[in-house]
file my_file.cif (mmCIF, C-alpha atoms and all ligand atoms)
data_entry
#
loop_
_atom_site.label_atom_id
_atom_site.label_comp_id
_atom_site.auth_asym_id
_atom_site.auth_seq_id
_atom_site.Cartn_x
_atom_site.Cartn_y
_atom_site.Cartn_z
CA MET A 14 20.64 291.07 69.49
CA LYS A 15 18.60 290.03 66.53
CA ARG A 16 20.50 287.96 64.03
CA ARG A 17 19.00 289.84 61.08
CA GLU A 18 20.20 293.15 62.42
CA PHE A 19 23.68 291.75 62.68
CA LEU A 20 23.50 290.62 59.07
CA LYS A 21 22.27 294.01 58.02
CA VAL A 22 25.26 295.62 59.68
CA GLY A 23 27.46 293.04 58.03
CA THR A 24 26.26 293.84 54.53
CA ALA A 25 25.87 297.61 54.78
CA GLY A 26 28.15 299.52 52.48
CA LEU A 27 29.25 296.53 50.47
CA ALA A 28 28.93 296.73 46.73
CA SER A 29 28.29 293.02 46.62
CA SER A 30 24.70 292.00 46.25
CA LEU A 31 25.30 288.30 46.44
CA VAL A 32 23.74 286.38 49.21
CA GLY A 33 26.22 285.07 51.71
CA SER A 34 26.32 281.66 53.27
CA VAL A 35 23.73 282.43 55.92
CA GLY A 36 20.02 282.85 55.52
CA LEU A 37 19.47 286.47 54.57
CA LEU A 38 18.58 289.12 54.91
CA ALA A 39 17.96 292.66 55.31
CA TRP A 40 18.71 294.48 52.12
CA THR A 41 20.69 297.70 51.96
CA PRO A 42 19.91 299.57 48.76
CA ARG A 43 22.74 301.23 46.90
CA ALA A 44 22.49 304.78 45.54
CA ASN A 45 24.10 303.76 42.26
CA ALA A 46 23.87 300.76 40.01
CA THR A 47 26.95 298.58 39.94
CA THR A 48 28.30 295.55 38.15
CA ILE A 49 27.80 292.20 39.84
CA SER A 50 30.14 289.47 38.63
CA LYS A 51 29.66 285.80 39.31
CA THR A 52 31.33 282.67 37.95
CA PHE A 53 29.61 279.30 37.84
CA TYR A 54 31.33 276.02 37.00
CA ILE A 55 29.07 273.41 35.43
CA THR A 56 30.09 270.22 37.18
CA GLU A 57 28.73 266.74 37.88
CA GLY A 58 28.80 264.20 40.67
CA PHE A 59 26.69 262.27 43.14
CA ILE A 60 24.68 263.43 46.14
CA THR A 61 23.71 260.92 48.82
CA GLN A 62 19.98 260.89 49.50
CA PRO A 63 18.33 260.22 52.90
CA ASP A 64 17.98 256.47 52.18
CA GLY A 65 21.69 256.17 51.42
CA VAL A 66 21.34 256.06 47.63
CA ASP A 67 23.85 258.13 45.65
CA VAL A 68 22.08 260.04 42.87
CA TYR A 69 23.77 261.70 39.89
CA PHE A 70 23.49 265.51 39.56
CA ARG A 71 24.93 268.39 37.58
CA GLY A 72 25.20 271.83 39.11
CA PHE A 73 26.13 275.48 38.70
CA SER A 74 28.93 275.15 41.25
CA PRO A 75 31.38 277.62 42.82
CA ALA A 76 34.49 275.70 41.73
CA SER A 77 35.49 273.06 39.21
CA ASN A 78 36.12 270.46 41.92
CA ASN A 79 32.79 271.06 43.66
CA LEU A 80 29.15 270.11 43.05
CA THR A 81 26.51 272.46 44.42
CA VAL A 82 22.77 272.01 43.80
CA PRO A 83 21.01 274.36 43.54
CA GLY A 84 23.45 277.05 42.41
CA ALA A 85 24.19 280.00 44.69
CA GLN A 86 21.37 282.41 45.48
CA MET A 87 21.81 285.83 43.89
CA ILE A 88 20.11 289.13 44.67
CA VAL A 89 20.86 292.26 42.66
CA GLN A 90 19.31 295.71 42.37
CA GLN A 91 17.30 297.09 39.48
CA GLY A 92 19.69 298.80 37.06
CA ASP A 93 22.68 296.67 38.00
CA THR A 94 24.77 295.09 35.30
CA VAL A 95 25.11 291.37 35.92
CA ARG A 96 28.11 289.62 34.46
CA ILE A 97 27.88 285.84 34.58
CA THR A 98 30.78 283.64 33.55
CA ILE A 99 29.95 280.02 32.84
CA VAL A 100 32.78 277.50 32.81
CA ASN A 101 31.46 274.29 31.32
CA THR A 102 33.76 271.58 32.67
CA LEU A 103 31.64 268.80 31.14
CA GLY A 104 31.62 267.26 27.67
CA THR A 105 27.95 268.10 27.09
CA SER A 106 26.45 271.40 25.89
CA HIS A 107 24.70 273.61 28.41
CA SER A 108 23.23 277.09 28.82
CA PHE A 109 22.33 279.69 31.42
CA LYS A 110 18.92 281.27 31.06
CA ILE A 111 16.56 283.51 33.03
CA ASP A 112 13.18 283.63 31.31
CA GLY A 113 12.40 287.10 30.00
CA VAL A 114 15.80 288.42 31.11
CA MET A 115 18.70 286.68 29.38
CA ASP A 116 19.80 283.55 27.54
CA SER A 117 23.42 282.54 27.01
CA GLY A 118 22.60 280.19 24.16
CA ARG A 119 24.61 277.02 23.69
CA ILE A 120 27.84 276.68 25.65
CA SER A 121 29.64 273.65 24.27
CA GLY A 122 31.55 271.14 26.37
CA GLY A 123 34.81 272.59 27.68
CA GLN A 124 33.83 276.13 26.70
CA THR A 125 33.79 279.25 28.91
CA ARG A 126 31.46 282.14 28.19
CA THR A 127 30.74 285.47 29.87
CA ILE A 128 27.30 287.00 29.45
CA GLU A 129 26.32 290.48 30.56
CA PHE A 130 22.82 291.79 31.06
CA GLN A 131 21.03 294.53 32.92
CA ALA A 132 18.57 293.67 35.68
CA ASN A 133 15.56 295.75 34.71
CA VAL A 134 12.47 294.20 36.24
CA ALA A 135 12.17 293.63 39.99
CA GLY A 136 11.07 290.16 40.99
CA SER A 137 12.00 286.55 41.70
CA TYR A 138 13.48 284.37 39.00
CA LEU A 139 14.85 280.91 38.34
CA TYR A 140 18.12 280.68 36.48
CA TYR A 141 18.55 277.38 34.72
CA ASP A 142 19.98 275.42 31.82
CA ALA A 143 17.34 275.54 29.09
CA ARG A 144 19.04 273.06 26.78
CA ASN A 145 17.73 269.51 26.44
CA ALA A 146 14.66 270.73 28.33
CA PRO A 147 13.60 269.85 30.88
CA TYR A 148 16.38 267.35 31.60
CA ASN A 149 19.39 269.58 32.21
CA ARG A 150 17.31 271.70 34.56
CA LEU A 151 15.96 268.65 36.40
CA VAL A 152 19.35 267.06 36.87
CA GLY A 153 20.35 270.06 38.99
CA LEU A 154 21.31 272.97 36.73
CA HIS A 155 19.20 275.67 38.36
CA GLY A 156 19.26 278.32 41.06
CA ALA A 157 17.49 281.37 42.49
CA PHE A 158 17.88 284.97 41.36
CA ALA A 159 16.10 288.12 42.49
CA VAL A 160 16.05 291.76 41.51
CA MET A 161 15.27 294.32 44.22
CA PRO A 162 13.41 297.47 43.13
CA ASN A 163 15.71 300.43 42.68
CA GLY A 164 16.39 302.20 45.97
CA SER A 165 14.10 299.96 47.99
CA SER A 166 15.04 297.77 50.94
CA ASN A 167 11.67 296.24 51.67
CA GLU A 168 9.50 295.70 48.59
CA VAL A 169 9.02 292.89 46.06
CA TYR A 170 8.13 295.47 43.41
CA ALA A 171 7.80 299.25 43.79
CA GLY A 172 4.71 299.85 45.90
CA SER A 173 4.27 296.24 47.04
CA PRO A 174 3.48 295.20 50.61
CA THR A 175 6.70 295.51 52.59
CA PHE A 176 8.94 293.05 54.37
CA VAL A 177 11.86 293.07 56.79
CA GLN A 178 13.82 290.04 55.58
CA GLN A 179 13.70 287.64 52.65
CA TYR A 180 14.34 283.98 51.87
CA PHE A 181 14.24 281.80 48.78
CA TRP A 182 12.32 278.56 49.02
CA LEU A 183 13.36 276.56 45.96
CA PHE A 184 11.58 273.20 45.79
CA HIS A 185 12.72 270.31 43.65
CA ASP A 186 11.76 266.70 42.97
CA ILE A 187 14.13 263.99 41.80
CA ASP A 188 13.67 260.79 39.80
CA PRO A 189 16.99 258.91 40.06
CA ALA A 190 16.17 256.82 36.97
CA TRP A 191 15.90 260.00 34.91
CA HIS A 192 19.12 261.38 36.42
CA ASN A 193 20.88 258.16 35.52
CA ALA A 194 19.62 258.29 31.94
CA ILE A 195 20.87 261.87 31.62
CA ARG A 196 24.22 260.81 33.07
CA ASN A 197 24.47 258.23 30.27
CA ARG A 198 23.44 260.89 27.71
CA ASN A 199 20.17 259.15 27.02
CA THR A 200 16.71 260.67 26.94
CA PRO A 201 14.71 259.33 29.89
CA ASN A 202 12.10 256.90 28.58
CA THR A 203 10.42 255.78 31.78
CA PRO A 204 7.40 257.45 33.46
CA TYR A 205 8.51 260.24 35.80
CA LYS A 206 8.63 258.84 39.35
CA PRO A 207 10.11 261.29 41.85
CA ARG A 208 11.65 259.58 44.87
CA TYR A 209 13.27 262.56 46.59
CA PHE A 210 11.99 266.05 47.38
CA THR A 211 14.18 268.94 48.41
CA LEU A 212 13.99 272.48 49.71
CA ASN A 213 17.01 274.54 48.66
CA GLY A 214 18.70 271.24 47.79
CA LEU A 215 18.12 269.49 51.12
CA SER A 216 15.61 266.98 52.44
CA ALA A 217 14.51 267.06 56.05
CA ARG A 218 15.64 264.59 58.74
CA PRO A 219 13.13 263.93 61.50
CA PRO A 220 14.31 264.16 65.12
CA GLY A 221 16.37 261.07 66.01
CA ALA A 222 17.27 260.26 62.40
CA PRO A 223 20.92 260.24 61.34
CA GLY A 224 21.89 263.76 60.32
CA ALA A 225 19.00 265.45 62.13
CA HIS A 226 19.93 269.03 63.11
CA ASN A 227 22.95 268.96 60.78
CA PRO A 228 22.54 272.17 58.75
CA SER A 229 24.48 270.76 55.80
CA ILE A 230 21.97 267.94 55.19
CA ASP A 231 18.79 268.66 57.20
CA ALA A 232 16.38 271.15 55.59
CA MET A 233 14.87 271.82 59.02
CA ALA A 234 18.27 273.05 60.27
CA ASP A 235 19.40 274.82 57.08
CA PRO A 236 19.85 278.57 57.70
CA LEU A 237 18.85 279.25 54.08
CA SER A 238 15.53 277.46 54.57
CA ALA A 239 14.32 277.61 58.19
CA LEU A 240 12.74 280.97 58.99
CA HIS A 241 13.94 282.85 62.04
CA GLY A 242 12.21 286.00 63.24
CA HIS A 243 10.54 287.93 65.99
CA ILE A 244 6.98 289.22 66.02
CA GLY A 245 6.75 291.83 63.26
CA ASP A 246 9.68 290.52 61.19
CA ARG A 247 7.63 290.30 58.02
CA THR A 248 9.44 287.77 55.84
CA LEU A 249 9.34 287.61 52.06
CA LEU A 250 9.30 284.08 50.63
CA ARG A 251 10.50 283.88 47.04
CA VAL A 252 9.16 280.46 46.09
CA LEU A 253 10.51 278.74 42.97
CA ASN A 254 9.96 275.30 41.48
CA PRO A 255 12.45 273.91 38.96
CA GLY A 256 10.91 270.45 39.51
CA MET A 257 8.11 268.69 37.67
CA CYS A 258 5.60 268.26 40.53
CA TYR A 259 3.02 270.82 41.52
CA GLN A 260 3.00 271.56 45.23
CA SER A 261 0.82 273.12 47.89
CA VAL A 262 3.03 275.19 50.18
CA HIS A 263 1.57 275.23 53.68
CA THR A 264 2.67 277.19 56.75
CA HIS A 265 1.69 276.84 60.38
CA GLY A 266 1.60 279.71 62.88
CA ASN A 267 0.54 282.38 60.37
CA HIS A 268 -1.14 282.52 57.00
CA MET A 269 0.92 283.96 54.12
CA GLU A 270 0.09 287.12 52.18
CA TRP A 271 0.05 286.03 48.54
CA ILE A 272 1.72 288.85 46.53
CA THR A 273 2.57 287.44 43.08
CA ASP A 274 1.70 284.34 41.07
CA ASN A 275 4.02 283.12 38.30
CA GLY A 276 5.52 286.60 38.02
CA GLN A 277 2.16 288.39 37.88
CA ILE A 278 1.27 290.88 40.57
CA ARG A 279 -1.98 289.77 42.16
CA ASP A 280 -4.80 292.35 42.18
CA ASP A 281 -5.74 291.45 45.72
CA VAL A 282 -3.50 290.16 48.46
CA TRP A 283 -5.10 287.05 49.87
CA SER A 284 -4.17 285.61 53.24
CA LYS A 285 -3.62 281.89 52.69
CA ASP A 286 -2.22 279.01 54.73
CA CYS A 287 -1.76 276.99 51.51
CA ILE A 288 -0.54 278.42 48.20
CA TYR A 289 -0.52 276.45 44.97
CA LEU A 290 2.89 276.18 43.30
CA GLU A 291 2.80 275.06 39.70
CA GLY A 292 5.14 272.31 38.54
CA ASN A 293 7.67 272.82 35.76
CA MET A 294 8.91 276.25 36.83
CA GLY A 295 5.98 277.70 38.74
CA LYS A 296 6.76 280.48 41.22
CA PHE A 297 5.15 282.90 43.64
CA ASP A 298 6.05 285.53 46.20
CA ALA A 299 4.38 285.67 49.59
CA ILE A 300 5.01 287.37 52.91
CA TYR A 301 4.97 285.45 56.16
CA PRO A 302 3.90 288.26 58.48
CA TYR A 303 5.30 286.98 61.80
CA ASP A 304 2.18 288.08 63.63
CA ALA A 305 1.54 286.53 67.00
CA PRO A 306 -0.09 283.20 66.04
CA PRO A 307 -3.74 284.29 66.00
CA ASP A 308 -5.38 281.04 67.10
CA ALA A 309 -3.14 280.20 70.03
CA TRP A 310 -4.61 280.11 73.51
CA PRO A 311 -3.07 281.06 75.81
CA PRO A 312 -1.45 283.70 73.56
CA VAL A 313 2.15 283.01 72.50
CA THR A 314 4.88 285.08 70.88
CA THR A 315 7.58 282.39 70.62
CA GLY A 316 7.66 278.84 69.37
CA ILE A 317 8.47 276.61 66.42
CA TYR A 318 6.01 275.90 63.61
CA PRO A 319 6.41 273.69 60.54
CA MET A 320 6.25 274.51 56.87
CA HIS A 321 5.44 271.49 54.78
CA LEU A 322 3.99 270.68 51.39
CA HIS A 323 0.52 269.19 51.20
CA THR A 324 1.24 266.64 48.51
CA GLU A 325 1.93 263.60 50.63
CA MET A 326 4.70 262.06 48.54
CA SER A 327 6.73 265.28 48.86
CA GLN A 328 7.13 264.57 52.58
CA THR A 329 8.90 261.28 51.94
CA ALA A 330 12.13 259.92 50.49
CA GLY A 331 12.91 256.66 48.74
CA GLY A 332 9.26 255.77 48.20
CA GLY A 333 7.97 256.10 51.75
CA LEU A 334 10.43 257.32 54.39
CA TYR A 335 8.18 259.86 56.08
CA MET A 336 9.46 263.29 57.11
CA PHE A 337 12.54 262.93 54.91
CA GLY A 338 11.02 265.24 52.28
CA ALA A 339 10.65 268.96 51.58
CA LEU A 340 9.81 270.66 54.84
CA THR A 341 11.37 273.06 57.31
CA ASP A 342 10.65 275.00 60.51
CA ILE A 343 9.55 278.52 61.29
CA TYR A 344 11.06 279.91 64.49
CA PHE A 345 9.35 282.67 66.46
CA GLU A 346 12.27 283.82 68.61
CU CU B 401 0.40 271.09 58.56
#

call {"tool": "encode", "arguments": {"input": "my_file.cif", "output": "C-alpha cells"}}
result
Amino acid sequence: MKRREFLKVGTAGLASSLVGSVGLLAWTPRANATTISKTFYITEGFITQPDGVDVYFRGFSPASNNLTVPGAQMIVQQGDTVRITIVNTLGTSHSFKIDGVMDSGRISGGQTRTIEFQANVAGSYLYYDARNAPYNRLVGLHGAFAVMPNGSSNEVYAGSPTFVQQYFWLFHDIDPAWHNAIRNRNTPNTPYKPRYFTLNGLSARPPGAPGAHNPSIDAMADPLSALHGHIGDRTLLRVLNPGMCYQSVHTHGNHMEWITDNGQIRDDVWSKDCIYLEGNMGKFDAIYPYDAPPDAWPPVTTGIYPMHLHTEMSQTAGGGLYMFGALTDIYFE
C-alpha cells in the first residue's frame, strides 16, 4: 500500500487542515469553508548543531515549554477563516505576519493576541515575525503556510499544473554570532557569516555520522523533507527561504517543473534541474514529476536520488563539515 494513500484516508472527512506530523500529503477539499484555529507560543532556547555547538533560537512553538523551529506547517483552503493565537512568553515584542495577507502588529512581552483573517489567495507563504527585521525572523520566528484553491485537491492555483502530493521545503541559514547578539537584545554588528544551513529546521548527517538516519535530527531521514513516491506521484514543492542567503535548489533523478517565482505565476513552465531561490524571503513552487529517471540506462523505476543546494557552503556545518548542510533524499519506491 502506498503511504500517501494511507494518509489520504487518514485525513478524509476531517475539518482540520493542519498538516500532521508526517510528510504530507494528499489533500481532500472541503465543500464548505471552515475556521482553522491554531495557537503558537513564542519561546526561546538552544538547538544543538551538527558540530555540537548550542545555538540560541526563538520559535513559534506548540507549547510554552517547547522550542520548535520552524513553526508548524499549515495548509488551509481558500475561503477559510484562520484564527491564530499568539502567546508571547518572552519579554521582547514580537509579531506574526504573512505578507499580503495579515499582520498582527506589535505583541508586547507577556501578551496574548488572537488574530483572524480569511485565506483568499491560493499559494505558498512564509509566516514570520516582522518586528526588528530581519533579526526576529532569522533567529527562528518563521514557518510555512499554504492556501489550497477552493475545491481543488491537486493545484497550486486554479488551473495550474496538477500534483498528487505536496511538501514544504523551507531553507534557512544561521549565523550563531547574530543569534547571540539577538539573545542579548543587541543589534548584530558583525558581517553576516552563516555557519549552519537547514531544511525544515534540520541539517543532514552523512552515512556513518552520529545521528545519521535519525528522523528527528537528520534532514535526509526527516519525513517532512525527504520525498517518497512512485512513478507518476507528481509532487509539489513549496520552497520558502526565511534566511539571508540565495540558493540554487538542485534535484537529481528528474528536473522540476517551475510553476511560480516569488508568488508570481510563470508564463511558461520550464523544466529545470536547478532553480534560483532568492535570499531574504524568496520563494517558488515547482513540481517534481516522478517520471522514470530519463537518463538512466538500463531503465530504472526505483532508487534514491539526492536534492542538494548548489552553493557549496550550504552543504556544510561549522565552517566546513561537508554533508552536514541543507540536503535530503528523493525516494522512488
Ligand atoms: Cu548534484

call {"tool": "closest_residue", "arguments": {"input": "my_file.cif", "among": "A:Ile244, A:His226, A:Gly292, A:Leu212", "to": "Pro147 of chain A", "atoms": "all atoms listed in the file"}}
result
A:Gly292

call {"tool": "closest_residue", "arguments": {"input": "my_file.cif", "among": "A:Thr273, A:Gln62, A:Thr264, A:Ser216", "to": "ligand CU 401 (chain B)", "atoms": "all atoms listed in the file"}}
result
A:Thr264

call {"tool": "closest_atom_pairs", "arguments": {"input": "my_file.cif", "of": "chain A", "to": "ligand CU 401 (chain B)", "cutoff": "10 Å", "atoms": "only C-alpha atoms and all ligand atoms", "output": "Markdown table"}}
result
| residue | atom | partner | partner_atom | distance |
| --- | --- | --- | --- | --- |
| A:Val262 | CA | B:CU401 | CU | 9.7 |
| A:His263 | CA | B:CU401 | CU | 6.5 |
| A:Thr264 | CA | B:CU401 | CU | 6.8 |
| A:His265 | CA | B:CU401 | CU | 6.2 |
| A:Gly266 | CA | B:CU401 | CU | 9.7 |
| A:Asp286 | CA | B:CU401 | CU | 9.2 |
| A:Cys287 | CA | B:CU401 | CU | 9.4 |
| A:Tyr318 | CA | B:CU401 | CU | 9.0 |
| A:Pro319 | CA | B:CU401 | CU | 6.8 |
| A:Met320 | CA | B:CU401 | CU | 7.0 |
| A:His321 | CA | B:CU401 | CU | 6.3 |
| A:Leu322 | CA | B:CU401 | CU | 8.0 |
| A:His323 | CA | B:CU401 | CU | 7.6 |

call {"tool": "write_last_selection", "arguments": {"input": "my_file.cif", "atoms": "C-alpha atoms", "output": "compact mmCIF listing (two decimals), in the coordinates of the input"}}
result
# COMPACT_ATOMS: atom_id res chain seq x y z
CA VAL A 262 3.03 275.19 50.18
CA HIS A 263 1.57 275.23 53.68
CA THR A 264 2.67 277.19 56.75
CA HIS A 265 1.69 276.84 60.38
CA GLY A 266 1.60 279.71 62.88
CA ASP A 286 -2.22 279.01 54.73
CA CYS A 287 -1.76 276.99 51.51
CA TYR A 318 6.01 275.90 63.61
CA PRO A 319 6.41 273.69 60.54
CA MET A 320 6.25 274.51 56.87
CA HIS A 321 5.44 271.49 54.78
CA LEU A 322 3.99 270.68 51.39
CA HIS A 323 0.52 269.19 51.20

call {"tool": "atom_distance", "arguments": {"input": "my_file.cif", "atom1": "atom CA of Gly118 of chain A", "atom2": "atom CA of Met257 of chain A"}}
result
22.9 Å

call {"tool": "residues_around", "arguments": {"input": "my_file.cif", "residues": "His155 of chain A", "least_positions_apart": "2", "cutoff": "12 Å", "atoms": "all atoms listed in the file", "output": "VMD selection string"}}
result
chain A and resid 53 55 70 to 74 81 to 87 107 to 111 138 to 144 147 to 153 157 to 158 183 to 185 213 to 214 253 to 256 294

call {"tool": "closest_atom_pairs", "arguments": {"input": "my_file.cif", "of": "segment 112-201 of chain A", "to": "segment 232-240 of chain A", "cutoff": "8 Å", "atoms": "all atoms listed in the file", "output": "tab-separated table"}}
result
residue	atom	partner	partner_atom	distance
A:Tyr180	CA	A:Leu237	CA	6.9
A:Phe181	CA	A:Ser238	CA	7.4
A:Trp182	CA	A:Ser238	CA	6.5

call {"tool": "atom_distance", "arguments": {"input": "my_file.cif", "atom1": "atom CA of Ile49 of chain A", "atom2": "atom CA of Ile97 of chain A"}}
result
8.3 Å

call {"tool": "atom_distance", "arguments": {"input": "my_file.cif", "atom1": "atom CA of Ala299 of chain A", "atom2": "atom CA of Ala339 of chain A"}}
result
18.0 Å

call {"tool": "residues_around", "arguments": {"input": "my_file.cif", "residues": "Phe297 of chain A", "least_positions_apart": "3", "cutoff": "7 Å", "atoms": "only C-alpha atoms", "output": "list in words"}}
result
Arg251, Val252, Leu253, Thr273, Asp274, Asn275 and Gly276 of chain A

call {"tool": "closest_residue", "arguments": {"input": "my_file.cif", "among": "A:Arg43, A:Gly242, A:Tyr69, A:Gly122", "to": "Trp191 of chain A", "atoms": "all atoms listed in the file"}}
result
A:Tyr69

call {"tool": "residues_near_point", "arguments": {"input": "my_file.cif", "point": "(2.6, 272.1, 41.9)", "cutoff": "6 Å", "atoms": "only C-alpha atoms", "output": "list in words"}}
result
Cys258, Tyr259, Gln260, Leu290, Glu291 and Gly292 of chain A

call {"tool": "axis_aligned_box", "arguments": {"input": "my_file.cif", "around": "segment 269-279 of chain A", "padding_each_side": "8 Å", "output": "JSON"}}
result
{"center_x": 1.8, "center_y": 287.0, "center_z": 46.0, "size_x": 23.5, "size_y": 23.8, "size_z": 32.2}

call {"tool": "closest_residue", "arguments": {"input": "my_file.cif", "among": "A:Val177, A:Ile343, A:Leu154, A:Val100", "to": "Ser77 of chain A", "atoms": "only C-alpha atoms"}}
result
A:Val100

call {"tool": "closest_residue", "arguments": {"input": "my_file.cif", "among": "A:Phe130, A:Lys51, A:Ala46, A:Ser106", "to": "Gln91 of chain A", "atoms": "only C-alpha atoms"}}
result
A:Ala46
